[in-house]
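A.B. asks: So here's query.txt (compact mmCIF, C-alpha atoms).
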# COMPACT_ATOMS: atom_id res chain seq x y z
CA MET R 1 -59.49 46.12 -12.09
CA GLN R 2 -62.88 45.49 -13.72
CA ILE R 3 -66.12 45.60 -11.71
CA GLN R 4 -68.71 43.36 -13.36
CA LEU R 5 -72.23 42.08 -12.77
CA TRP R 6 -72.38 38.28 -12.89
CA ARG R 7 -75.62 36.32 -13.31
CA ARG R 8 -76.12 32.66 -12.43
CA ARG R 9 -79.28 30.63 -13.14
CA ASN R 10 -81.03 28.69 -10.37
CA LYS R 11 -81.82 24.96 -10.68
CA GLU R 12 -85.39 25.64 -11.81
CA ASN R 13 -84.11 27.91 -14.58
CA THR R 14 -86.54 30.68 -13.54
CA LYS R 15 -84.29 33.22 -11.78
CA HIS R 16 -80.85 34.77 -12.00
CA ASN R 17 -78.91 35.15 -8.76
CA LEU R 18 -76.75 38.27 -8.98
CA TYR R 19 -73.09 38.62 -8.01
CA ILE R 20 -70.41 41.30 -8.24
CA ARG R 21 -67.13 40.20 -9.77
CA TYR R 22 -63.80 41.94 -9.26
CA ARG R 23 -61.53 40.93 -12.12
CA VAL R 24 -57.85 41.71 -12.64
CA ASN R 25 -57.14 39.17 -15.39
CA GLN R 26 -58.14 35.65 -16.47
CA ASN R 27 -56.38 34.08 -13.51
CA ARG R 28 -57.21 36.63 -10.84
CA ALA R 29 -60.81 37.37 -9.89
CA LYS R 30 -63.12 37.43 -6.89
CA VAL R 31 -66.90 36.98 -6.73
CA GLU R 32 -69.29 38.18 -4.00
CA THR R 33 -73.06 37.78 -3.82
CA LEU R 34 -75.25 40.87 -4.04
CA LYS R 35 -78.09 38.99 -2.29
CA LEU R 36 -80.32 40.03 -5.18
CA TRP R 37 -82.12 38.06 -7.86
CA GLU R 38 -84.19 38.78 -10.98
CA TRP R 39 -86.72 36.86 -13.06
CA ILE R 40 -85.26 35.40 -16.26
CA ASN R 41 -88.52 35.72 -18.22
CA PRO R 42 -91.04 37.94 -16.37
CA THR R 43 -94.61 36.73 -16.96
CA ASP R 44 -96.62 39.55 -15.40
CA ASN R 45 -96.39 43.19 -14.32
CA ILE R 46 -95.33 42.35 -10.75
CA GLN R 47 -92.32 40.34 -11.96
CA THR R 48 -91.42 43.07 -14.47
CA GLN R 49 -91.53 45.75 -11.75
CA HIS R 50 -89.40 43.52 -9.52
CA ASN R 51 -86.72 43.32 -12.22
CA ILE R 52 -86.79 47.09 -12.73
CA SER R 53 -86.27 47.69 -9.00
CA VAL R 54 -83.45 45.14 -8.85
CA LYS R 55 -81.76 46.74 -11.86
CA LYS R 56 -81.77 50.15 -10.15
CA ALA R 57 -80.33 48.55 -7.00
CA TYR R 58 -77.45 46.67 -8.63
CA LYS R 59 -76.52 49.65 -10.84
CA GLU R 60 -76.24 51.80 -7.73
CA ILE R 61 -74.16 49.13 -5.94
CA LEU R 62 -71.78 48.87 -8.91
CA ARG R 63 -71.47 52.70 -9.11
CA ARG R 64 -70.70 53.06 -5.41
CA THR R 65 -68.22 50.18 -5.43
CA LYS R 66 -66.30 51.69 -8.35
CA ASP R 67 -66.28 55.06 -6.63
CA ASP R 68 -65.04 53.55 -3.35
CA LEU R 69 -62.21 51.72 -5.15
CA GLU R 70 -61.12 54.79 -7.11
CA ASN R 71 -60.97 56.83 -3.90
CA ASN R 72 -59.24 54.07 -1.89
CA ARG R 73 -62.10 53.76 0.58
CA ILE R 74 -62.13 49.97 0.16
CA LYS R 75 -59.58 47.33 -0.80
CA ILE R 76 -60.28 44.06 -2.63
CA ASN R 77 -57.81 41.27 -1.94
CA ILE R 78 -57.66 38.87 -4.86
CA GLU R 79 -55.56 35.73 -4.74
CA ASN R 80 -54.24 33.98 -7.82
CA LYS R 81 -56.48 31.19 -9.05
CA ARG R 82 -55.13 27.71 -8.35
CA LYS R 83 -53.30 26.22 -11.29
CA GLN R 84 -53.85 22.47 -11.32
CA THR R 85 -54.53 20.19 -14.25
CA PHE R 86 -57.86 18.43 -14.65
CA LYS R 87 -56.09 15.10 -14.24
CA GLU R 88 -54.71 16.17 -10.85
CA ASP R 89 -58.15 17.34 -9.73
CA PHE R 90 -60.02 14.27 -10.97
CA ILE R 91 -57.59 11.69 -9.59
CA GLY R 92 -57.01 13.62 -6.39
CA TYR R 93 -60.47 14.89 -5.44
CA SER R 94 -63.29 13.13 -7.36
CA ASP R 95 -63.82 10.58 -4.52
CA ILE R 96 -65.26 7.84 -6.71
CA GLU R 97 -64.27 4.21 -7.13
CA ASN R 98 -62.03 3.16 -10.03
CA LYS R 99 -61.24 6.79 -10.92
CA GLU R 100 -57.87 5.95 -12.53
CA ALA R 101 -59.56 3.56 -14.98
CA ILE R 102 -62.32 6.09 -15.71
CA TYR R 103 -59.79 8.84 -16.44
CA LYS R 104 -57.77 6.45 -18.62
CA PHE R 105 -60.92 5.71 -20.66
CA ILE R 106 -61.67 9.43 -21.19
CA LEU R 107 -58.03 9.99 -22.14
CA SER R 108 -58.29 7.20 -24.74
CA GLN R 109 -61.13 9.14 -26.39
CA GLU R 110 -59.59 12.61 -26.09
CA GLU R 111 -55.79 12.79 -25.63
CA ASP R 112 -55.88 16.58 -25.26
CA VAL R 113 -57.65 16.28 -21.87
CA ASP R 114 -54.26 15.50 -20.28
CA ASN R 115 -53.08 19.07 -20.99
CA ARG R 116 -56.20 20.85 -19.77
CA TYR R 117 -56.96 22.71 -16.56
CA SER R 118 -60.30 21.99 -14.88
CA SER R 119 -61.57 25.46 -15.83
CA GLU R 120 -61.02 24.63 -19.51
CA LEU R 121 -63.41 21.65 -19.52
CA ASN R 122 -66.52 23.60 -20.46
CA ARG R 123 -69.79 22.19 -21.77
CA SER R 124 -68.86 22.29 -25.48
CA TYR R 125 -65.56 20.49 -24.84
CA LEU R 126 -67.25 17.75 -22.80
CA ILE R 127 -69.95 17.30 -25.44
CA LYS R 128 -67.18 16.89 -28.02
CA ILE R 129 -65.76 14.02 -25.93
CA LYS R 130 -69.24 12.48 -25.61
CA GLU R 131 -69.75 12.61 -29.39
CA LYS R 132 -66.38 10.91 -29.95
CA ILE R 133 -67.42 8.12 -27.61
CA GLU R 134 -70.74 7.68 -29.43
CA PHE R 135 -68.95 7.64 -32.80
CA ASN R 136 -66.52 4.95 -31.59
CA ILE R 137 -69.49 2.91 -30.37
CA SER R 138 -71.13 3.17 -33.81
CA GLU R 139 -67.84 2.08 -35.39
CA LYS R 140 -67.76 -0.84 -32.93
CA LYS R 141 -64.36 0.24 -31.61
CA ILE R 142 -65.70 0.20 -28.03
CA LYS R 143 -68.63 -1.56 -26.38
CA SER R 144 -71.76 0.47 -25.70
CA THR R 145 -72.27 -0.97 -22.21
CA THR R 146 -68.68 -0.30 -21.15
CA ALA R 147 -68.67 3.24 -22.57
CA SER R 148 -72.02 4.09 -20.94
CA LYS R 149 -70.80 2.87 -17.55
CA TYR R 150 -67.52 4.83 -17.75
CA TRP R 151 -69.29 8.00 -18.96
CA SER R 152 -71.85 7.75 -16.14
CA ASP R 153 -69.06 7.35 -13.56
CA PHE R 154 -67.12 10.20 -15.19
CA LYS R 155 -70.12 12.52 -14.72
CA LYS R 156 -70.39 11.38 -11.11
CA GLY R 157 -66.75 12.40 -10.60
CA LEU R 158 -67.35 15.80 -12.21
CA ARG R 159 -70.28 16.42 -9.85
CA LYS R 160 -68.00 15.59 -6.89
CA LEU R 161 -65.51 18.21 -8.12
CA HIS R 162 -68.38 20.68 -8.49
CA GLN R 163 -69.39 20.11 -4.87
CA LYS R 164 -65.82 20.93 -3.82
CA LYS R 165 -65.86 24.08 -5.99
CA LEU R 166 -63.03 22.78 -8.17
CA PHE R 167 -65.09 22.55 -11.34
CA GLU R 168 -68.23 24.11 -12.82
CA TYR R 169 -70.39 21.11 -13.79
CA PRO R 170 -72.68 21.57 -16.82
CA ASN R 171 -75.61 19.18 -17.19
CA LEU R 172 -74.53 16.36 -19.49
CA LYS R 173 -76.70 13.69 -21.07
CA SER R 174 -76.04 9.97 -21.04
CA ILE R 175 -74.39 8.12 -23.90
CA LYS R 176 -76.90 7.33 -26.64
CA ASN R 177 -77.74 3.66 -26.96
CA SER R 178 -76.45 2.15 -30.18
CA GLY R 179 -79.84 0.50 -30.68
CA GLU R 180 -78.43 -3.00 -30.53
CA LYS R 181 -80.06 -5.14 -27.86
CA ARG R 182 -78.00 -7.82 -26.21
CA GLU R 183 -79.47 -11.29 -26.61
CA LYS R 184 -81.06 -12.45 -23.37
CA ILE R 185 -79.80 -15.87 -22.32
CA ILE R 186 -82.14 -18.25 -20.47
CA LEU R 187 -80.27 -20.79 -18.37
CA SER R 188 -81.64 -24.32 -18.34
CA ALA R 189 -82.00 -26.40 -15.18
CA LYS R 190 -78.94 -28.38 -16.28
CA GLU R 191 -76.84 -25.22 -16.60
CA LEU R 192 -77.96 -24.03 -13.17
CA SER R 193 -77.10 -27.47 -11.79
CA ASN R 194 -73.61 -27.10 -13.29
CA LEU R 195 -73.27 -23.81 -11.44
CA ASN R 196 -74.59 -25.38 -8.25
CA ASN R 197 -71.92 -28.10 -8.44
CA ILE R 198 -68.98 -25.66 -8.43
CA LYS R 199 -66.74 -26.51 -5.47
CA SER R 200 -64.55 -23.41 -5.26
CA LYS R 201 -65.16 -21.60 -1.96
CA LYS R 202 -64.02 -18.29 -3.49
CA LEU R 203 -66.94 -18.49 -5.92
CA GLU R 204 -69.53 -19.76 -3.45
CA HIS R 205 -71.20 -16.42 -2.70
CA ILE R 206 -71.47 -15.25 -6.33
CA LYS R 207 -72.78 -18.71 -7.30
CA ASN R 208 -75.43 -18.71 -4.54
CA ALA R 209 -76.42 -15.12 -5.30
CA PHE R 210 -76.88 -15.86 -9.01
CA ILE R 211 -78.97 -19.00 -8.40
CA PHE R 212 -81.02 -17.18 -5.76
CA SER R 213 -81.61 -14.35 -8.24
CA ALA R 214 -82.80 -16.83 -10.88
CA VAL R 215 -85.29 -18.29 -8.35
CA SER R 216 -86.49 -15.11 -6.62
CA GLY R 217 -86.32 -12.49 -9.38
CA ILE R 218 -84.18 -10.15 -7.25
CA LYS R 219 -81.20 -8.59 -9.02
CA VAL R 220 -77.69 -9.62 -7.98
CA ARG R 221 -76.70 -6.01 -7.28
CA GLU R 222 -79.62 -5.75 -4.82
CA LEU R 223 -78.54 -8.98 -3.14
CA THR R 224 -75.16 -7.35 -2.55
CA ASN R 225 -76.72 -5.08 0.08
CA MET R 226 -79.06 -7.56 1.75
CA LYS R 227 -78.38 -8.59 5.35
CA TRP R 228 -79.61 -11.49 7.44
CA SER R 229 -81.95 -9.11 9.25
CA ASN R 230 -83.95 -8.99 5.99
CA ILE R 231 -84.90 -12.69 6.38
CA LYS R 232 -87.77 -13.58 8.74
CA LYS R 233 -88.90 -17.11 9.59
CA GLU R 234 -92.65 -17.78 9.42
CA LYS R 235 -94.67 -20.09 11.69
CA LYS R 236 -95.44 -22.56 8.90
CA GLY R 237 -91.76 -23.16 8.19
CA ASP R 238 -91.48 -20.83 5.22
CA TYR R 239 -89.41 -17.64 5.20
CA THR R 240 -90.06 -14.06 4.16
CA LEU R 241 -87.50 -11.77 2.60
CA ILE R 242 -88.23 -8.09 3.25
CA TYR R 243 -86.01 -5.56 1.48
CA LYS R 244 -87.10 -1.96 0.79
CA THR R 245 -90.34 -2.33 -1.23
CA LYS R 246 -89.79 -6.03 -1.96
CA ARG R 247 -91.45 -8.82 -0.01
CA ARG R 248 -90.90 -12.45 -1.06
CA ARG R 249 -92.13 -15.69 0.49
CA LEU R 250 -89.39 -18.32 0.29
CA SER R 251 -89.64 -22.07 0.66
CA LEU R 252 -87.10 -23.98 2.74
CA GLU R 253 -85.35 -25.15 -0.45
CA VAL R 254 -84.93 -21.58 -1.67
CA ARG R 255 -83.86 -20.38 1.78
CA ASN R 256 -81.16 -23.08 1.89
CA ILE R 257 -79.45 -21.52 -1.12
CA MET R 258 -78.32 -18.74 1.22
CA GLY R 259 -76.41 -21.08 3.50
CA LYS R 260 -76.08 -21.01 7.26
CA ARG R 261 -77.58 -17.98 8.99
CA LYS R 262 -75.19 -15.42 10.50
CA THR R 263 -75.70 -12.34 12.68
CA ASP R 264 -78.32 -9.83 11.55
CA LYS R 265 -75.77 -7.19 10.55
CA ARG R 266 -73.82 -9.54 8.25
CA GLN R 267 -74.48 -9.60 4.51
CA ILE R 268 -76.26 -12.68 3.19
CA PHE R 269 -73.96 -12.85 0.16
CA SER R 270 -70.43 -11.51 0.64
CA LEU R 271 -70.05 -9.86 -2.76
CA PRO R 272 -67.86 -6.89 -3.83
CA THR R 273 -69.86 -3.66 -3.92
CA ASN R 274 -67.73 -2.52 -6.86
CA GLU R 275 -69.45 -3.61 -10.08
CA SER R 276 -66.20 -4.19 -11.96
CA ALA R 277 -64.80 -6.48 -9.25
CA ARG R 278 -68.14 -8.32 -9.07
CA SER R 279 -68.08 -8.91 -12.83
CA LYS R 280 -64.58 -10.40 -12.66
CA ILE R 281 -65.50 -13.09 -10.13
CA PHE R 282 -68.76 -13.71 -12.01
CA ASN R 283 -66.82 -14.39 -15.23
CA LYS R 284 -64.53 -16.78 -13.34
CA MET R 285 -67.60 -18.64 -12.12
CA ILE R 286 -69.06 -18.95 -15.64
CA LYS R 287 -65.73 -20.25 -16.94
CA GLU R 288 -65.39 -22.85 -14.16
CA ALA R 289 -68.94 -24.07 -14.76
CA GLY R 290 -68.17 -24.46 -18.49
CA LEU R 291 -71.08 -22.22 -19.56
CA ASN R 292 -71.61 -19.77 -22.42
CA LYS R 293 -69.13 -16.89 -22.02
CA LYS R 294 -71.80 -14.39 -23.06
CA ILE R 295 -73.88 -15.02 -19.92
CA LYS R 296 -74.29 -11.87 -17.78
CA MET R 297 -75.55 -11.40 -14.23
CA SER R 298 -78.79 -9.93 -15.59
CA ASP R 299 -79.56 -13.29 -17.23
CA ALA R 300 -80.56 -14.61 -13.80
CA ILE R 301 -83.56 -12.23 -13.93
CA HIS R 302 -84.32 -13.22 -17.53
CA THR R 303 -84.27 -16.88 -16.48
CA PHE R 304 -86.64 -16.16 -13.60
CA ALA R 305 -89.04 -14.22 -15.83
CA TYR R 306 -89.01 -16.90 -18.55
CA ASN R 307 -89.68 -19.81 -16.18
CA LEU R 308 -92.36 -18.04 -14.19
CA TYR R 309 -94.16 -16.94 -17.36
CA ASN R 310 -94.03 -20.48 -18.77
CA GLU R 311 -95.72 -21.77 -15.62
CA THR R 312 -98.32 -19.02 -15.17
CA LYS R 313 -98.68 -17.10 -18.47
CA ASN R 314 -99.31 -14.18 -16.08
CA ILE R 315 -97.52 -11.09 -17.43
CA TYR R 316 -99.06 -8.99 -14.66
CA LEU R 317 -97.36 -11.11 -12.02
CA ILE R 318 -94.02 -10.93 -13.87
CA SER R 319 -94.32 -7.15 -14.16
CA ALA R 320 -95.08 -6.80 -10.44
CA HIS R 321 -92.21 -9.09 -9.42
CA LEU R 322 -89.70 -7.17 -11.53
CA GLY R 323 -90.93 -3.77 -10.34
CA HIS R 324 -92.04 -2.51 -13.76
CA LYS R 325 -94.44 0.44 -13.79
CA SER R 326 -96.61 -1.16 -16.47
CA ILE R 327 -96.87 -4.36 -18.49
CA GLU R 328 -95.87 -2.32 -21.55
CA ILE R 329 -92.37 -2.08 -20.07
CA THR R 330 -92.41 -5.84 -19.47
CA LYS R 331 -93.50 -6.43 -23.09
CA SER R 332 -90.69 -4.22 -24.40
CA LYS R 333 -88.16 -6.32 -22.49
CA TYR R 334 -89.75 -9.72 -23.19
CA ASP R 335 -91.51 -9.72 -26.55
CA TYR R 336 -92.74 -13.31 -26.07
CA MET R 337 -95.00 -12.27 -23.20
CA GLU R 338 -98.62 -11.15 -23.68
CA GLU R 339 -101.69 -10.79 -21.48
CA GLU R 340 -104.48 -12.10 -23.73
CA SER R 341 -104.21 -15.81 -22.90
CA TYR R 342 -104.19 -15.10 -19.17
CA LEU R 343 -107.17 -12.73 -19.34
CA ILE R 344 -109.21 -15.11 -21.47
CA LYS R 345 -108.47 -18.05 -19.18
CA ASN R 346 -109.07 -16.26 -15.86
CA ASN R 347 -111.01 -13.13 -16.76
CA ILE R 348 -109.15 -11.32 -13.96
CA LEU R 349 -106.04 -9.14 -13.62
CA ARG R 350 -104.59 -10.73 -10.48
CA ASP R 351 -104.13 -14.39 -9.68
CA LYS R 352 -104.69 -14.45 -5.90
CA GLY R 353 -104.60 -18.21 -5.74
CA PHE R 354 -101.12 -18.23 -7.22
CA ILE R 355 -99.84 -15.65 -4.74
CA ASN R 356 -101.26 -17.49 -1.73
CA ASN R 357 -99.84 -20.88 -2.74
CA LYS R 358 -96.41 -19.93 -4.07
CA PHE R 359 -93.22 -21.65 -2.99
CA LYS R 360 -94.82 -25.01 -2.24
CA SER R 361 -92.26 -27.62 -1.21
CA ARG R 362 -90.56 -29.27 -4.16
CA SER R 363 -87.02 -29.96 -5.34
CA LEU R 364 -85.03 -27.06 -6.74
CA PHE R 365 -84.58 -28.74 -10.11
CA LYS R 366 -87.35 -31.10 -11.12
CA LYS R 367 -87.93 -32.59 -14.54
CA GLY R 368 -85.65 -30.02 -16.15
CA ILE R 369 -87.69 -27.10 -14.78
CA LEU R 370 -86.16 -24.53 -12.44
CA LEU R 371 -88.18 -23.93 -9.29
CA SER R 372 -90.17 -20.74 -9.68
CA ASP R 373 -92.25 -19.21 -6.90
CA LYS R 374 -95.35 -21.24 -7.75
Show how you would write the structure in this file as structure tokens.

C.D. replies:
Amino acid sequence: MQIQLWRRRNKENTKHNLYIRYRVNQNRAKVETLKLWEWINPTDNIQTQHNISVKKAYKEILRRTKDDLENNRIKINIENKRKQTFKEDFIGYSDIENKEAIYKFILSQEEDVDNRYSSELNRSYLIKIKEKIEFNISEKKIKSTTASKYWSDFKKGLRKLHQKKLFEYPNLKSIKNSGEKREKIILSAKELSNLNNIKSKKLEHIKNAFIFSAVSGIKVRELTNMKWSNIKKEKKGDYTLIYKTKRRRLSLEVRNIMGKRKTDKRQIFSLPTNESARSKIFNKMIKEAGLNKKIKMSDAIHTFAYNLYNETKNIYLISAHLGHKSIEITKSKYDYMEEESYLIKNNILRDKGFINNKFKSRSLFKKGILLSDK
């Protein structure tokens, strides 16, 4: 049996926590903490002296432990390591949604993963899989958005296994963007009217959520979690939506998109929390409305931003509504927006008059223009 010192870095990457490892072979080992730590890169004399003292301590512990084992004063019971494939661990214990599909995607990129144990999926092996995915994206064999989503969920599953001590998770980066930006689609008032005229009850909630998103500037995935308790009626007849850091004043017309009020604990829009399932019913809705197949849920936000900017030319207001940290982020997403015309016209950075008078009563679709919050 080998008696070894084992070091493990902390999250801040400043210290090593020290352990003693009793090792018989590759499949049989036991680790115990020494309750000692040392600085990785000492920066002053105090830290250097600390490391010297710790070194003396762990050397003495290792010497005594070896002596006790050789003279049968102590016994170390070591059980065989569990032998289970990575597939069995990931499918059985990752506790994430759609794990079978995620594993199938990883397997399509690296067939050898089916024959591996969890302990064999080290950092270099996982990076090799990541590079294959990025290469296949560059060759246009797989879509960047799909691959990024699966890789992100795959990492989430690995972290779950790490929490259960079934896998040693190394920090892994996200899939590199191919650099190609998807064309943003702005829906016209006529297209939104086509959506609004869909009669299928199965598509009613996704339809209402999408139209509401295009009017309010709140993402569909956020609407998934909103409950009726988030809607408050004001004295003047308007409504206020309060959700986390968001606060929106809604006119009666916009409020009516949500339908009949239910109990506070009920969701406003009964949508699947699973993104894949939500996308499927969304695509059915687009098909039934006879719209461009390339339309995505995010285009509701792009439609909101486009219409509100056309009415106000106020990039600061758009940026605030969308939760961007600066207008530079807004500009990078919407290259047609700029602040000069607004600043020259108003010589201010905030349009208080617009905020105080938004959501005035008017029809939802008027003269081909979608109702914004003006």

A.B. asks: Which of these residues is nearest to Ser298 in chain R, using all atoms listed in the file: R:His321, R:Lys227, R:Arg261, R:Lys219?

C.D. replies: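 Of R:His321, R:Lys227, R:Arg261, R:Lys219, the one nearest Ser298 in chain R is R:Lys219, counting all atoms listed in the file.
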
A.B. asks: Which residues, written as number ranges by chain, have at least one atom at most 12 Å from range 119-135 of chain R, with all atoms listed in the file counted and residues fewer than 6 positions away on the same chain left out?

C.D. replies: R: 26-27, 81-87, 89-90, 105-113, 141-152, 154-155, 158, 161-162, 165-179

A.B. asks: Could you check which of R:Ile20, R:Ile102, R:Ile91, R:Leu250 is closest to Gly237 in chain R, using all atoms listed in the file?

C.D. replies: R:Leu250

A.B. asks: Give the answer as one residue: which of R:Tyr22, R:Ile268, R:Tyr93, R:Ile185 has the shortest atom-to-atom distance to Lys75 in chain R, using all atoms listed in the file?

C.D. replies: R:Tyr22

A.B. asks: Find the residues near range 280-284 of chain R: any atom within 10 Å, counting only C-alpha atoms, skip ones fewer than 5 places away on the same chain, and give them as a list in words.

C.D. replies: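 These residues fall inside the cut-off: Lys202, Leu203, His205, Ile206, Lys207, Phe210, Leu271, Pro272, Glu275, Ala289, Gly290, Leu291, Lys293, Lys294, Ile295, Lys296 and Met297 of chain R.
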
A.B. asks: Produce the centre coordinates and the three edge lengths, each in Å to one decimal, of the box along x, y and z that contains all listed atoms of range 17-23 of chain R with 4 Å added on each side, as AutoDock Vina command-line options.

C.D. replies:
--center_x -70.2 --center_y 38.5 --center_z -10.1 --size_x 25.4 --size_y 14.8 --size_z 12.1

A.B. asks: When you draw a straight line from CA of Ile318 in chain R to CA of Ala209 in chain R, how long is it in Å?

C.D. replies: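 Separating CA of Ile318 in chain R from CA of Ala209 in chain R is a distance of 20.0 Å.
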
A.B. asks: Could you tell me how far CA of Ala277 in chain R lies from CA of Gly217 in chain R, in Å and to one decimal?

C.D. replies: 22.3 Å

A.B. asks: CA of Ala57 in chain R to CA of Leu36 in chain R: how many Å, to one decimal?

C.D. replies: 8.7 Å

A.B. asks: Near Arg248 in chain R, counting only C-alpha atoms, which residues have an atom at most 9 Å away, once you skip same-chain residues fewer than 6 positions from it, shown as JSON, numbers by chain?

C.D. replies: {"R": [216, 239, 240, 241, 242]}

A.B. asks: Find the spatial neighbours of Asn208 in chain R, counting only C-alpha atoms, within a cut-off of 9 Å - ignore same-chain residues fewer than 3 positions away - and output them as a ChimeraX atom specification.

C.D. replies: /R:195-196,203-205,211-213,257-259,269

A.B. asks: Please list as number ranges by chain every residue within 12 Å of Gly323 in chain R, counting all atoms listed in the file and excluding residues in the same chain fewer than 3 positions away.

C.D. replies: R: 217-219, 244-247, 301, 305, 316-320, 326-327, 329-330

A.B. asks: With only C-alpha atoms as the basis for distance, which of R:Ser118, R:Asp67, R:Glu340, R:Lys287 is at the shortest distance from Lys313 in chain R?

C.D. replies: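 Under the stated criterion, the closest residue is R:Glu340.
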
A.B. asks: In terms of the shortest atom-to-atom distance over only C-alpha atoms, which of R:Ile315, R:Leu343, R:Lys233, R:Val31 is closest to Glu328 in chain R?

C.D. replies: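 So, comparing all the options, the nearest one is R:Ile315.
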
A.B. asks: Which residue is closest to Ala300 in chain R? Choose from R:Arg278, R:Lys199, R:Lys262, R:Lys184 and count only C-alpha atoms.

C.D. replies: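 When distances to Ala300 in chain R are compared using only C-alpha atoms, the smallest one comes from R:Lys184.
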